[in-house]
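J.: Take this structure, written in structure tokens, and hold onto it; I'll ask about it next.
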Amino acid sequence: MRFGVEPADELNLSAAAAAEFWARGNTWSSLVNKTQAEEGDLVRLLSRTGEALRQVAQLKNSNATAAKLASECSEMILRAPIK
């Protein structure tokens with residue numbers, strides 16, 4: 001357990017890797033080529049990830065550090081063509 005959060009046993013590592021690759025600032029075409037996923041699937045994955053991060057970003061009163069990090073990460077994820 002890190003930062004009081006239990007790890008998920010059923011984490012989809014390929015989805016997590018795609019989100020991380022995108023958040024690091026890589027181009028849309030390189031993400032599509034690297035994952036070989038359908039663009040609509042990637043948009044859905046990243047949109048949901050970004051929206052989940054926005055929800056965590058609202059927890060400023062209970063965990064300001066996590067909220068700030070989630071807000072920063074949501075900005076990295078929710079950029080064109082996702083936004």
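Residue names in the structure tokens use chain letters A, B, ... in the order shown, residue numbers from 1 in each chain, and ligand numbers from 1 in the order shown.
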Output as a compact mmCIF listing (two decimals) with C-alpha atoms, in the first residue's frame all residues of chain A that backbone DSSP marks as helix (DSSP H, G or I).
T.:
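Generated output (result25.txt):
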# COMPACT_ATOMS: atom_id res chain seq x y z
CA LEU A 13 -1.55 -2.96 -17.60
CA SER A 14 -1.89 -2.24 -21.31
CA ALA A 15 -4.50 0.46 -20.62
CA ALA A 16 -2.34 1.92 -17.86
CA ALA A 17 0.68 1.94 -20.17
CA ALA A 18 -1.31 3.67 -22.92
CA ALA A 19 -2.50 6.36 -20.49
CA GLU A 20 1.03 6.89 -19.18
CA PHE A 21 2.45 7.07 -22.72
CA TRP A 22 -0.16 9.71 -23.63
CA ALA A 23 0.31 11.68 -20.39
CA TRP A 28 -1.66 10.93 -30.99
CA SER A 29 -0.27 9.14 -34.05
CA SER A 30 2.53 7.54 -32.02
CA LEU A 31 0.00 6.38 -29.39
CA VAL A 32 -2.23 4.83 -32.05
CA ASN A 33 0.75 3.17 -33.76
CA LYS A 34 2.31 1.90 -30.54
CA THR A 35 -0.91 0.47 -29.07
CA GLU A 39 -8.85 5.37 -31.99
CA GLY A 40 -12.35 5.37 -30.50
CA ASP A 41 -11.24 2.92 -27.83
CA LEU A 42 -8.30 5.15 -26.96
CA VAL A 43 -10.50 8.24 -26.78
CA ARG A 44 -12.91 6.42 -24.47
CA LEU A 45 -10.09 5.11 -22.25
CA LEU A 46 -8.38 8.47 -21.94
CA SER A 47 -11.61 10.43 -21.51
CA ARG A 48 -12.67 8.19 -18.65
CA THR A 49 -9.23 8.37 -17.09
CA GLY A 50 -9.17 12.16 -17.31
CA GLU A 51 -12.67 12.47 -15.86
CA ALA A 52 -11.78 10.15 -12.97
CA LEU A 53 -8.75 12.33 -12.27
CA ARG A 54 -10.98 15.42 -12.28
CA GLN A 55 -13.15 13.78 -9.63
CA VAL A 56 -10.12 13.08 -7.44
CA ALA A 57 -9.00 16.68 -7.98
CA ALA A 64 -4.79 18.30 -0.99
CA THR A 65 -1.68 16.56 -2.32
CA ALA A 66 -3.62 13.90 -4.21
CA ALA A 67 -6.06 16.52 -5.48
CA LYS A 68 -3.27 18.68 -6.87
CA LEU A 69 -1.56 15.74 -8.54
CA ALA A 70 -4.84 14.52 -10.02
CA SER A 71 -5.58 17.97 -11.38
CA GLU A 72 -2.16 18.20 -13.05
CA CYS A 73 -2.51 14.70 -14.50
CA SER A 74 -6.00 15.36 -15.83
CA GLU A 75 -4.59 18.29 -17.81
CA MET A 76 -1.96 15.98 -19.30
CA ILE A 77 -4.60 13.45 -20.33
J.: Hey, can you check how far atom CA of Lys60 of chain A sits from atom CA of Pro81 of chain A?
T.: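 Taking atom CA of Lys60 of chain A and atom CA of Pro81 of chain A, their separation equals 28.0 Å.
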J.: Interatomic distance between atom CA of Phe3 of chain A and atom CA of Lys83 of chain A?
T.: 29.1 Å
J.: What gap, in Å, lies between atom CA of Gln36 of chain A and atom CA of Arg24 of chain A?
T.: 18.1 Å
